[in-house]
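Data file: query-v8.tsv. Format and content: TSV, N, CA and C atoms.
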chain	number	residue	atom	x	y	z
H	8	MET	N	99.35	94.72	94.48
H	8	MET	CA	98.40	94.85	95.59
H	8	MET	C	98.08	96.32	95.84
H	9	ASN	N	96.80	96.61	96.02
H	9	ASN	CA	96.37	97.99	96.25
H	9	ASN	C	96.79	98.47	97.63
H	10	GLN	N	97.06	99.76	97.70
H	10	GLN	CA	97.35	100.35	99.00
H	10	GLN	C	96.04	100.47	99.77
H	11	LYS	N	96.13	100.23	101.06
H	11	LYS	CA	94.95	100.12	101.91
H	11	LYS	C	94.82	101.35	102.80
H	12	ILE	N	93.60	101.88	102.87
H	12	ILE	CA	93.32	103.05	103.68
H	12	ILE	C	92.14	102.75	104.60
H	13	VAL	N	92.31	103.09	105.89
H	13	VAL	CA	91.18	103.03	106.83
H	13	VAL	C	90.65	104.45	106.95
H	14	ILE	N	89.33	104.60	106.77
H	14	ILE	CA	88.71	105.90	106.99
H	14	ILE	C	87.70	105.77	108.12
H	15	CYS	N	87.69	106.77	108.99
H	15	CYS	CA	86.77	106.75	110.13
H	15	CYS	C	86.07	108.09	110.26
H	16	ASP	N	84.74	108.04	110.19
H	16	ASP	CA	83.91	109.23	110.37
H	16	ASP	C	82.58	108.75	110.92
H	17	ASP	N	81.96	109.53	111.78
H	17	ASP	CA	80.69	109.12	112.35
H	17	ASP	C	79.50	109.49	111.46
H	18	GLU	N	79.76	110.13	110.33
H	18	GLU	CA	78.69	110.46	109.38
H	18	GLU	C	78.78	109.51	108.20
H	19	GLN	N	77.75	108.67	108.04
H	19	GLN	CA	77.74	107.64	107.00
H	19	GLN	C	77.93	108.23	105.60
H	20	GLU	N	77.30	109.38	105.32
H	20	GLU	CA	77.40	109.99	103.99
H	20	GLU	C	78.84	110.35	103.65
H	21	ILE	N	79.55	110.92	104.63
H	21	ILE	CA	80.95	111.30	104.41
H	21	ILE	C	81.80	110.05	104.21
H	22	LEU	N	81.53	109.01	105.00
H	22	LEU	CA	82.25	107.74	104.83
H	22	LEU	C	82.04	107.21	103.42
H	23	ASP	N	80.78	107.18	102.97
H	23	ASP	CA	80.45	106.63	101.65
H	23	ASP	C	81.12	107.42	100.53
H	24	ILE	N	81.02	108.73	100.59
H	24	ILE	CA	81.60	109.58	99.54
H	24	ILE	C	83.12	109.44	99.51
H	25	THR	N	83.74	109.50	100.68
H	25	THR	CA	85.20	109.39	100.76
H	25	THR	C	85.66	108.03	100.26
H	26	GLN	N	84.94	106.99	100.65
H	26	GLN	CA	85.29	105.64	100.20
H	26	GLN	C	85.20	105.54	98.68
H	27	MET	N	84.13	106.08	98.12
H	27	MET	CA	83.93	106.04	96.67
H	27	MET	C	85.07	106.78	95.93
H	28	ILE	N	85.41	107.96	96.42
H	28	ILE	CA	86.48	108.75	95.80
H	28	ILE	C	87.79	107.98	95.81
H	29	LEU	N	88.14	107.42	96.98
H	29	LEU	CA	89.43	106.73	97.11
H	29	LEU	C	89.46	105.40	96.35
H	30	GLU	N	88.32	104.70	96.32
H	30	GLU	CA	88.28	103.46	95.53
H	30	GLU	C	88.39	103.76	94.03
H	31	ASP	N	87.79	104.87	93.60
H	31	ASP	CA	87.93	105.29	92.19
H	31	ASP	C	89.39	105.58	91.84
H	32	GLU	N	90.18	105.95	92.85
H	32	GLU	CA	91.60	106.24	92.65
H	32	GLU	C	92.45	104.97	92.77
H	33	GLY	N	91.80	103.83	93.02
H	33	GLY	CA	92.52	102.56	93.04
H	33	GLY	C	92.95	102.07	94.42
H	34	PHE	N	92.50	102.73	95.47
H	34	PHE	CA	92.85	102.31	96.82
H	34	PHE	C	91.85	101.29	97.35
H	35	GLU	N	92.32	100.40	98.21
H	35	GLU	CA	91.43	99.52	98.96
H	35	GLU	C	91.03	100.30	100.20
H	36	VAL	N	89.73	100.37	100.48
H	36	VAL	CA	89.25	101.21	101.59
H	36	VAL	C	88.46	100.38	102.60
H	37	ILE	N	88.78	100.59	103.87
H	37	ILE	CA	88.02	100.01	104.96
H	37	ILE	C	87.36	101.18	105.69
H	38	ALA	N	86.02	101.24	105.63
H	38	ALA	CA	85.28	102.34	106.25
H	38	ALA	C	84.80	101.92	107.64
H	39	VAL	N	85.05	102.78	108.62
H	39	VAL	CA	84.70	102.48	110.01
H	39	VAL	C	83.90	103.66	110.57
H	40	ILE	N	82.70	103.37	111.05
H	40	ILE	CA	81.88	104.46	111.60
H	40	ILE	C	82.09	104.61	113.11
H	41	ASP	N	82.56	103.55	113.77
H	41	ASP	CA	82.77	103.54	115.22
H	41	ASP	C	84.26	103.70	115.53
H	42	SER	N	84.64	104.86	116.03
H	42	SER	CA	86.05	105.17	116.27
H	42	SER	C	86.70	104.27	117.32
H	43	THR	N	85.88	103.63	118.18
H	43	THR	CA	86.47	102.76	119.20
H	43	THR	C	87.07	101.49	118.58
H	44	LEU	N	86.73	101.20	117.33
H	44	LEU	CA	87.23	99.99	116.65
H	44	LEU	C	88.50	100.23	115.85
H	45	VAL	N	88.86	101.48	115.63
H	45	VAL	CA	89.95	101.83	114.71
H	45	VAL	C	91.29	101.17	115.06
H	46	GLU	N	91.70	101.26	116.31
H	46	GLU	CA	93.02	100.73	116.69
H	46	GLU	C	93.11	99.23	116.39
H	47	ASP	N	92.08	98.48	116.76
H	47	ASP	CA	92.07	97.03	116.49
H	47	ASP	C	92.10	96.73	114.99
H	48	ILE	N	91.32	97.48	114.23
H	48	ILE	CA	91.28	97.27	112.78
H	48	ILE	C	92.64	97.57	112.17
H	49	ILE	N	93.30	98.63	112.63
H	49	ILE	CA	94.62	98.97	112.11
H	49	ILE	C	95.64	97.88	112.45
H	50	GLU	N	95.57	97.37	113.67
H	50	GLU	CA	96.49	96.29	114.05
H	50	GLU	C	96.28	95.05	113.18
H	51	ARG	N	95.03	94.75	112.88
H	51	ARG	CA	94.70	93.55	112.10
H	51	ARG	C	94.98	93.74	110.60
H	52	GLU	N	94.59	94.89	110.05
H	52	GLU	CA	94.64	95.12	108.60
H	52	GLU	C	95.95	95.72	108.10
H	53	ARG	N	96.69	96.37	108.99
H	53	ARG	CA	97.96	97.03	108.61
H	53	ARG	C	97.81	97.94	107.39
H	54	PRO	N	96.93	98.93	107.46
H	54	PRO	CA	96.73	99.81	106.31
H	54	PRO	C	97.94	100.73	106.09
H	55	ASP	N	97.96	101.35	104.93
H	55	ASP	CA	99.04	102.28	104.58
H	55	ASP	C	98.76	103.69	105.09
H	56	LEU	N	97.50	103.93	105.52
H	56	LEU	CA	97.10	105.29	105.90
H	56	LEU	C	95.80	105.25	106.70
H	57	LEU	N	95.66	106.21	107.62
H	57	LEU	CA	94.39	106.41	108.33
H	57	LEU	C	93.89	107.81	108.03
H	58	LEU	N	92.62	107.90	107.64
H	58	LEU	CA	91.95	109.17	107.40
H	58	LEU	C	90.85	109.23	108.45
H	59	ILE	N	90.87	110.25	109.34
H	59	ILE	CA	89.94	110.25	110.47
H	59	ILE	C	89.38	111.63	110.77
H	60	ASP	N	88.12	111.63	111.18
H	60	ASP	CA	87.44	112.85	111.62
H	60	ASP	C	87.85	113.12	113.07
H	61	LEU	N	87.78	114.37	113.50
H	61	LEU	CA	88.11	114.68	114.89
H	61	LEU	C	86.95	114.46	115.84
H	62	TRP	N	85.80	115.06	115.53
H	62	TRP	CA	84.70	115.06	116.50
H	62	TRP	C	83.76	113.89	116.23
H	63	MET	N	83.86	112.89	117.10
H	63	MET	CA	83.00	111.72	117.01
H	63	MET	C	82.54	111.32	118.41
H	64	PRO	N	81.37	110.67	118.49
H	64	PRO	CA	80.90	110.23	119.81
H	64	PRO	C	81.81	109.13	120.36
H	65	ARG	N	81.82	108.97	121.64
H	65	ARG	CA	82.56	107.92	122.36
H	65	ARG	C	84.06	108.15	122.38
H	66	LEU	N	84.72	108.18	121.21
H	66	LEU	CA	86.17	108.35	121.19
H	66	LEU	C	86.52	109.34	120.07
H	67	ALA	N	87.04	110.50	120.45
H	67	ALA	CA	87.37	111.54	119.47
H	67	ALA	C	88.58	111.13	118.64
H	68	GLY	N	88.65	111.68	117.43
H	68	GLY	CA	89.75	111.35	116.52
H	68	GLY	C	91.13	111.60	117.12
H	69	ASN	N	91.27	112.72	117.86
H	69	ASN	CA	92.58	113.01	118.46
H	69	ASN	C	92.95	111.98	119.53
H	70	GLU	N	91.95	111.41	120.21
H	70	GLU	CA	92.21	110.35	121.19
H	70	GLU	C	92.66	109.07	120.49
H	71	VAL	N	92.05	108.78	119.35
H	71	VAL	CA	92.45	107.62	118.55
H	71	VAL	C	93.90	107.78	118.10
H	72	ILE	N	94.23	108.97	117.60
H	72	ILE	CA	95.59	109.22	117.11
H	72	ILE	C	96.60	109.10	118.26
H	73	SER	N	96.28	109.68	119.40
H	73	SER	CA	97.18	109.59	120.56
H	73	SER	C	97.44	108.13	120.94
H	74	ALA	N	96.39	107.31	120.92
H	74	ALA	CA	96.53	105.88	121.24
H	74	ALA	C	97.42	105.18	120.20
H	75	LEU	N	97.22	105.51	118.92
H	75	LEU	CA	98.04	104.90	117.86
H	75	LEU	C	99.51	105.25	118.04
H	76	ARG	N	99.76	106.51	118.37
H	76	ARG	CA	101.15	106.97	118.50
H	76	ARG	C	101.86	106.33	119.69
H	77	LYS	N	101.09	105.80	120.65
H	77	LYS	CA	101.68	105.12	121.81
H	77	LYS	C	101.84	103.62	121.57
H	78	ASN	N	101.26	103.12	120.48
H	78	ASN	CA	101.28	101.69	120.17
H	78	ASN	C	102.45	101.40	119.23
H	79	ALA	N	103.48	100.77	119.76
H	79	ALA	CA	104.74	100.58	119.01
H	79	ALA	C	104.56	99.84	117.69
H	80	THR	N	103.58	98.95	117.61
H	80	THR	CA	103.44	98.16	116.38
H	80	THR	C	102.80	98.92	115.24
H	81	ILE	N	102.08	100.01	115.54
H	81	ILE	CA	101.37	100.75	114.48
H	81	ILE	C	101.60	102.26	114.54
H	82	GLN	N	102.54	102.71	115.35
H	82	GLN	CA	102.68	104.15	115.56
H	82	GLN	C	103.19	104.91	114.33
H	83	GLU	N	103.75	104.20	113.35
H	83	GLU	CA	104.30	104.87	112.18
H	83	GLU	C	103.28	105.13	111.08
H	84	ILE	N	102.07	104.62	111.23
H	84	ILE	CA	101.07	104.81	110.17
H	84	ILE	C	100.77	106.30	109.97
H	85	PRO	N	100.80	106.75	108.71
H	85	PRO	CA	100.46	108.17	108.45
H	85	PRO	C	98.97	108.41	108.75
H	86	VAL	N	98.70	109.57	109.36
H	86	VAL	CA	97.32	109.92	109.73
H	86	VAL	C	96.98	111.28	109.15
H	87	ILE	N	95.84	111.32	108.46
H	87	ILE	CA	95.31	112.59	107.94
H	87	ILE	C	93.99	112.83	108.66
H	88	VAL	N	93.84	114.01	109.23
H	88	VAL	CA	92.60	114.39	109.92
H	88	VAL	C	91.76	115.24	108.98
H	89	ILE	N	90.45	114.94	108.96
H	89	ILE	CA	89.50	115.80	108.24
H	89	ILE	C	88.52	116.33	109.29
H	90	SER	N	88.35	117.64	109.32
H	90	SER	CA	87.47	118.22	110.34
H	90	SER	C	86.94	119.57	109.92
H	91	ALA	N	85.75	119.88	110.41
H	91	ALA	CA	85.16	121.20	110.17
H	91	ALA	C	85.43	122.14	111.33
H	92	SER	N	86.14	121.65	112.33
H	92	SER	CA	86.40	122.44	113.54
H	92	SER	C	87.38	123.59	113.28
H	93	ARG	N	87.13	124.72	113.91
H	93	ARG	CA	88.03	125.86	113.76
H	93	ARG	C	89.41	125.57	114.36
H	94	ASP	N	89.42	124.85	115.48
H	94	ASP	CA	90.69	124.52	116.14
H	94	ASP	C	91.23	123.17	115.67
H	95	GLY	N	90.58	122.58	114.69
H	95	GLY	CA	90.91	121.24	114.24
H	95	GLY	C	92.36	121.03	113.88
H	96	LYS	N	92.91	121.98	113.15
H	96	LYS	CA	94.29	121.84	112.68
H	96	LYS	C	95.25	121.73	113.86
H	97	GLN	N	95.12	122.63	114.83
H	97	GLN	CA	95.99	122.61	116.02
H	97	GLN	C	95.83	121.31	116.80
H	98	ILE	N	94.57	120.91	117.01
H	98	ILE	CA	94.28	119.69	117.77
H	98	ILE	C	94.85	118.47	117.04
H	99	ALA	N	94.68	118.43	115.73
H	99	ALA	CA	95.16	117.31	114.92
H	99	ALA	C	96.67	117.16	115.05
H	100	TYR	N	97.39	118.25	114.83
H	100	TYR	CA	98.86	118.18	114.89
H	100	TYR	C	99.35	117.91	116.31
H	101	ALA	N	98.66	118.46	117.30
H	101	ALA	CA	99.05	118.23	118.70
H	101	ALA	C	98.91	116.76	119.10
H	102	SER	N	97.96	116.06	118.48
H	102	SER	CA	97.75	114.65	118.82
H	102	SER	C	98.65	113.71	118.01
H	103	GLY	N	99.36	114.26	117.01
H	103	GLY	CA	100.28	113.42	116.25
H	103	GLY	C	99.90	113.17	114.80
H	104	ALA	N	98.90	113.90	114.29
H	104	ALA	CA	98.50	113.74	112.89
H	104	ALA	C	99.61	114.24	111.96
H	105	ASP	N	99.65	113.67	110.76
H	105	ASP	CA	100.65	114.07	109.77
H	105	ASP	C	100.14	115.16	108.84
H	106	ASP	N	98.83	115.23	108.68
H	106	ASP	CA	98.24	116.20	107.76
H	106	ASP	C	96.83	116.53	108.20
H	107	PHE	N	96.28	117.61	107.62
H	107	PHE	CA	94.96	118.08	108.00
H	107	PHE	C	94.23	118.59	106.77
H	108	LEU	N	92.96	118.22	106.63
H	108	LEU	CA	92.09	118.74	105.58
H	108	LEU	C	90.83	119.30	106.23
H	109	GLU	N	90.43	120.48	105.80
H	109	GLU	CA	89.23	121.09	106.35
H	109	GLU	C	88.00	120.60	105.61
H	110	LYS	N	86.93	120.29	106.37
H	110	LYS	CA	85.64	119.94	105.77
H	110	LYS	C	84.89	121.21	105.46
H	111	PRO	N	84.14	121.29	104.38
H	111	PRO	CA	84.09	120.29	103.32
H	111	PRO	C	85.38	120.34	102.51
H	112	TYR	N	85.93	119.19	102.19
H	112	TYR	CA	87.21	119.15	101.49
H	112	TYR	C	87.02	119.08	99.97
H	113	ASP	N	88.03	119.55	99.28
H	113	ASP	CA	88.08	119.47	97.83
H	113	ASP	C	88.57	118.07	97.45
H	114	ILE	N	87.89	117.42	96.51
H	114	ILE	CA	88.24	116.05	96.12
H	114	ILE	C	89.70	115.96	95.66
H	115	ASP	N	90.12	116.89	94.82
H	115	ASP	CA	91.51	116.87	94.33
H	115	ASP	C	92.51	117.02	95.46
H	116	ALA	N	92.17	117.89	96.43
H	116	ALA	CA	93.06	118.09	97.58
H	116	ALA	C	93.14	116.81	98.41
H	117	LEU	N	92.02	116.13	98.59
H	117	LEU	CA	92.00	114.86	99.33
H	117	LEU	C	92.91	113.84	98.66
H	118	VAL	N	92.72	113.65	97.36
H	118	VAL	CA	93.52	112.65	96.62
H	118	VAL	C	95.00	113.02	96.67
H	119	GLU	N	95.29	114.30	96.53
H	119	GLU	CA	96.68	114.76	96.53
H	119	GLU	C	97.37	114.48	97.87
H	120	VAL	N	96.71	114.81	98.97
H	120	VAL	CA	97.31	114.62	100.30
H	120	VAL	C	97.43	113.13	100.63
H	121	VAL	N	96.47	112.32	100.20
H	121	VAL	CA	96.54	110.87	100.43
H	121	VAL	C	97.73	110.30	99.66
H	122	ARG	N	97.86	110.67	98.39
H	122	ARG	CA	98.98	110.16	97.58
H	122	ARG	C	100.33	110.60	98.16
H	123	LYS	N	100.40	111.83	98.64
H	123	LYS	CA	101.64	112.36	99.22
H	123	LYS	C	102.03	111.56	100.47
H	124	ARG	N	101.05	111.27	101.33
H	124	ARG	CA	101.36	110.58	102.58
H	124	ARG	C	101.62	109.09	102.39
H	125	ILE	N	101.06	108.49	101.34
H	125	ILE	CA	101.24	107.06	101.10
H	125	ILE	C	102.54	106.79	100.34
H	126	ALA	N	103.01	107.78	99.60
H	126	ALA	CA	104.18	107.60	98.72
H	126	ALA	C	105.39	107.02	99.44
Can you give me the file's structure in the form of structure tokens?
Amino acid sequence: MNQKIVICDDEQEILDITQMILEDEGFEVIAVIDSTLVEDIIERERPDLLLIDLWMPRLAGNEVISALRKNATIQEIPVIVISASRDGKQIAYASGADDFLEKPYDIDALVEVVRKRIA
């Protein structure tokens, strides 16, 4: 069975590219453009990893991560934040993220950090 990854970004192009890269690496990918749906999808799908952008309308990535970390049934899921924000790294780690990638990210770096966190 393939390892499952949920990716959440409010930019469709980034979602599509990231999904394509990870599917080419053999992962099952669930792409979510609306961050308010992430927690429910994670509870239902039980993915091996969450890859999420920080700055999104309605519910920011760090708010999603904080909610996940308070939810006992899914709080252990590894989370990687991807962001173009200058303060992104600090915000990501402060909210409970396990790793951080700066946008635009290098494809090899993305695959490497995903494999490391899923291992």
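What separates atom CA of H:Arg124 from atom CA of H:Asp105 is a distance of 8.0 Å.
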Strand (DSSP E or B) per DSSP on the backbone: members of chain H, as a PyMOL selection string: chain H and resi 11-15+35-39+56-60+86-90+106-109
Stretch 36-117 of chain H: residues DSSP assigns to alpha helix (DSSP H), reported as a ChimeraX atom specification: /H:45-52,68-77,95-102,114-117
Output file for the selection above: N, CA and C atoms, as a compact mmCIF listing (two decimals), in the coordinates of the input:
# COMPACT_ATOMS: atom_id res chain seq x y z
N VAL H 45 88.86 101.48 115.63
CA VAL H 45 89.95 101.83 114.71
C VAL H 45 91.29 101.17 115.06
N GLU H 46 91.70 101.26 116.31
CA GLU H 46 93.02 100.73 116.69
C GLU H 46 93.11 99.23 116.39
N ASP H 47 92.08 98.48 116.76
CA ASP H 47 92.07 97.03 116.49
C ASP H 47 92.10 96.73 114.99
N ILE H 48 91.32 97.48 114.23
CA ILE H 48 91.28 97.27 112.78
C ILE H 48 92.64 97.57 112.17
N ILE H 49 93.30 98.63 112.63
CA ILE H 49 94.62 98.97 112.11
C ILE H 49 95.64 97.88 112.45
N GLU H 50 95.57 97.37 113.67
CA GLU H 50 96.49 96.29 114.05
C GLU H 50 96.28 95.05 113.18
N ARG H 51 95.03 94.75 112.88
CA ARG H 51 94.70 93.55 112.10
C ARG H 51 94.98 93.74 110.60
N GLU H 52 94.59 94.89 110.05
CA GLU H 52 94.64 95.12 108.60
C GLU H 52 95.95 95.72 108.10
N GLY H 68 88.65 111.68 117.43
CA GLY H 68 89.75 111.35 116.52
C GLY H 68 91.13 111.60 117.12
N ASN H 69 91.27 112.72 117.86
CA ASN H 69 92.58 113.01 118.46
C ASN H 69 92.95 111.98 119.53
N GLU H 70 91.95 111.41 120.21
CA GLU H 70 92.21 110.35 121.19
C GLU H 70 92.66 109.07 120.49
N VAL H 71 92.05 108.78 119.35
CA VAL H 71 92.45 107.62 118.55
C VAL H 71 93.90 107.78 118.10
N ILE H 72 94.23 108.97 117.60
CA ILE H 72 95.59 109.22 117.11
C ILE H 72 96.60 109.10 118.26
N SER H 73 96.28 109.68 119.40
CA SER H 73 97.18 109.59 120.56
C SER H 73 97.44 108.13 120.94
N ALA H 74 96.39 107.31 120.92
CA ALA H 74 96.53 105.88 121.24
C ALA H 74 97.42 105.18 120.20
N LEU H 75 97.22 105.51 118.92
CA LEU H 75 98.04 104.90 117.86
C LEU H 75 99.51 105.25 118.04
N ARG H 76 99.76 106.51 118.37
CA ARG H 76 101.15 106.97 118.50
C ARG H 76 101.86 106.33 119.69
N LYS H 77 101.09 105.80 120.65
CA LYS H 77 101.68 105.12 121.81
C LYS H 77 101.84 103.62 121.57
N GLY H 95 90.58 122.58 114.69
CA GLY H 95 90.91 121.24 114.24
C GLY H 95 92.36 121.03 113.88
N LYS H 96 92.91 121.98 113.15
CA LYS H 96 94.29 121.84 112.68
C LYS H 96 95.25 121.73 113.86
N GLN H 97 95.12 122.63 114.83
CA GLN H 97 95.99 122.61 116.02
C GLN H 97 95.83 121.31 116.80
N ILE H 98 94.57 120.91 117.01
CA ILE H 98 94.28 119.69 117.77
C ILE H 98 94.85 118.47 117.04
N ALA H 99 94.68 118.43 115.73
CA ALA H 99 95.16 117.31 114.92
C ALA H 99 96.67 117.16 115.05
N TYR H 100 97.39 118.25 114.83
CA TYR H 100 98.86 118.18 114.89
C TYR H 100 99.35 117.91 116.31
N ALA H 101 98.66 118.46 117.30
CA ALA H 101 99.05 118.23 118.70
C ALA H 101 98.91 116.76 119.10
N SER H 102 97.96 116.06 118.48
CA SER H 102 97.75 114.65 118.82
C SER H 102 98.65 113.71 118.01
N ILE H 114 87.89 117.42 96.51
CA ILE H 114 88.24 116.05 96.12
C ILE H 114 89.70 115.96 95.66
N ASP H 115 90.12 116.89 94.82
CA ASP H 115 91.51 116.87 94.33
C ASP H 115 92.51 117.02 95.46
N ALA H 116 92.17 117.89 96.43
CA ALA H 116 93.06 118.09 97.58
C ALA H 116 93.14 116.81 98.41
N LEU H 117 92.02 116.13 98.59
CA LEU H 117 92.00 114.86 99.33
C LEU H 117 92.91 113.84 98.66
Interatomic distance, atom N of H:Glu52 to atom C of H:Ser90 (Å, one decimal):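 Atom N of H:Glu52 sits 25.8 Å away from atom C of H:Ser90.
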Polymer residues at most 6 Å from stretch 62-67 of chain H, only N, CA and C atoms, same-chain spacing of 2 or more positions, as a PyMOL selection string: chain H and resi 17+42-43+60+69-71
Test item: which residues lie within 8 Å of (94.8, 118.6, 103.0) counting only N, CA and C atoms, as a list in words: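 Protein, DNA and RNA residues close to (94.8, 118.6, 103.0): Ile87, Val88, Ile89, Asp106, Phe107, Leu108, Glu109, Tyr112, Asp113, Ala116, Leu117, Val118, Glu119, Val120 and Val121 of chain H.
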I want to know what sits within 8 Å of H:Glu18, based on all atoms listed in the file, with residues of the same chain fewer than 3 positions away left out; could you give that as a CSV table (one decimal) with N, CA and C atoms, in the coordinates of the input?
chain,number,residue,atom,x,y,z
H,15,CYS,N,87.7,106.8,109.0
H,15,CYS,CA,86.8,106.8,110.1
H,15,CYS,C,86.1,108.1,110.3
H,21,ILE,N,79.6,110.9,104.6
H,21,ILE,CA,81.0,111.3,104.4
H,21,ILE,C,81.8,110.0,104.2
H,22,LEU,N,81.5,109.0,105.0
H,22,LEU,CA,82.2,107.7,104.8
H,22,LEU,C,82.0,107.2,103.4
H,23,ASP,N,80.8,107.2,103.0
H,23,ASP,CA,80.4,106.6,101.6
H,23,ASP,C,81.1,107.4,100.5
H,24,ILE,N,81.0,108.7,100.6
H,24,ILE,CA,81.6,109.6,99.5
H,24,ILE,C,83.1,109.4,99.5
H,39,VAL,N,85.0,102.8,108.6
H,39,VAL,CA,84.7,102.5,110.0
H,39,VAL,C,83.9,103.7,110.6
H,40,ILE,N,82.7,103.4,111.0
H,40,ILE,CA,81.9,104.5,111.6
H,40,ILE,C,82.1,104.6,113.1
H,41,ASP,N,82.6,103.6,113.8
H,41,ASP,CA,82.8,103.5,115.2
H,41,ASP,C,84.3,103.7,115.5
H,63,MET,N,83.9,112.9,117.1
H,63,MET,CA,83.0,111.7,117.0
H,63,MET,C,82.5,111.3,118.4
Atom-to-atom span, atom N of H:Gly103 and atom N of H:Arg76, Å: 7.9 Å
Selected residue of minimal separation from H:Gln26 among H:Ile59, H:Leu44, H:Arg51, H:Ala38, counting only N, CA and C atoms: H:Ala38
From H:Glu83, H:Glu30, H:Asp115, H:Asp94, residue lying nearest H:Glu50 [only C-alpha atoms]: H:Glu83
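Minimum distance to H:Ala74 across H:Val36, H:Glu46, H:Gly95, H:Val86 (counting all atoms listed in the file) occurs at H:Glu46.
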Selection near H:Ile125, 8 Å with only N, CA and C atoms, sequence-local residues under 6 positions removed, as an MDAnalysis selection string: chainID H and resid 55:56 85 119
